[in-house]
Amino acid sequence: MAGPRGNAAFLADHEPAWAGQAADALGEMRAVLSDLPGGSSALFDHIGSTSVPGLAAKPFVDLQIRILPLPDEAQLARRLSPLGFEPARGSRPDSPGVTHDLPRGTETVAEDVWAKHLYVDPVRSMILHVRRADSPWGRYTVWFRDWLTAHPDRARQYEQTKRALSEQNVGKADYDDYTRAKTAFFDEVQPEFERWASLR
């Protein structure tokens, strides 16, 4: 997806309205997915930089559903399409995080646990990640959000990192290089936020 001003990695100042927009969309999804296998116990999360108060972000609200078993894409599309969400295919054949997450963290899990579906709502500028309920990535996104919220100094560091990467990726047609470059920050702080989460 291209970003505003011809810059796919454009960062916007934090908008307090993002939280309400996320809550409304997650409520809609909860209503239409509740009768799916695992739907009644599924978790619906606002994740990513738009979920951290005060943090600059790409102006796309990231949402997450954690559900087990993972529904097939056609089944999800029938439920989510009326809400404005459509399957995302990625800008490139190797776009990260479209059909599966790259394994990371300290847990050893079966390969199929990393499977996911990705959807976009182009009108409301929302991105939806549908992961298995037992996906470590699903937990990491929530832990990272809460850790940044609890550690404003780290949130500022993350924002500085993103701003530098945004400048480096001005004019590119998609987010892929920007997304991959952020991995260095995640690699640095992953042990820290995992330890923090384990002590809560």
# chains A, B, ... in the order shown; residues from 1 in each chain; ligands from 1
call {"tool": "closest_atom_pairs", "arguments": {"of": "stretch 31-101 of chain A", "to": "stretch 11-18 of chain A", "cutoff": "8 Å", "atoms": "only C-alpha atoms", "output": "tab-separated table"}}
result
residue	atom	partner	partner_atom	distance
A:Thr50	CA	A:Trp18	CA	6.4
A:Ser51	CA	A:Trp18	CA	7.4
A:Pro53	CA	A:His14	CA	7.1
A:Gly54	CA	A:His14	CA	5.3
A:Leu55	CA	A:His14	CA	5.5
A:Ala56	CA	A:Asp13	CA	4.6
A:Ala57	CA	A:Leu11	CA	5.0
A:Lys58	CA	A:Leu11	CA	4.6
A:Pro59	CA	A:Ala12	CA	5.9
A:Val61	CA	A:Trp18	CA	6.8
call {"tool": "residues_around", "arguments": {"residues": "stretch 103-114 of chain A", "least_positions_apart": "2", "cutoff": "12 Å", "atoms": "only C-alpha atoms", "output": "number ranges by chain"}}
result
A: 66-70, 96-101, 116-117, 129-141, 183, 186-195
call {"tool": "select_by_dssp", "arguments": {"residues": "stretch 109-167 of chain A", "states": "helix (DSSP H, G or I)", "output": "ChimeraX atom specification"}}
result
/A:111-114,136-150,152-167
call {"tool": "select_by_dssp", "arguments": {"residues": "stretch 3-192 of chain A", "states": "strand (DSSP E or B)", "output": "VMD selection string"}}
result
chain A and resid 12 43 to 47 57 61 to 67 86 to 87 100 115 to 121 126 to 132
call {"tool": "closest_residue", "arguments": {"among": "A:Val32, A:Ala77, A:Val52, A:Ile65", "to": "A:Arg156", "atoms": "only C-alpha atoms"}}
result
A:Val52
call {"tool": "atom_distance", "arguments": {"atom1": "atom CA of A:Pro37", "atom2": "atom CA of A:Ser198"}}
result
29.2 Å
call {"tool": "closest_residue", "arguments": {"among": "A:Leu33, A:Leu118, A:Ala197, A:Ala150", "to": "A:Arg89", "atoms": "only C-alpha atoms"}}
result
A:Leu118
call {"tool": "atom_distance", "arguments": {"atom1": "atom CA of A:Gln160", "atom2": "atom CA of A:Thr179"}}
result
14.7 Å
call {"tool": "atom_distance", "arguments": {"atom1": "atom CA of A:Arg30", "atom2": "atom CA of A:Arg79"}}
result
10.5 Å
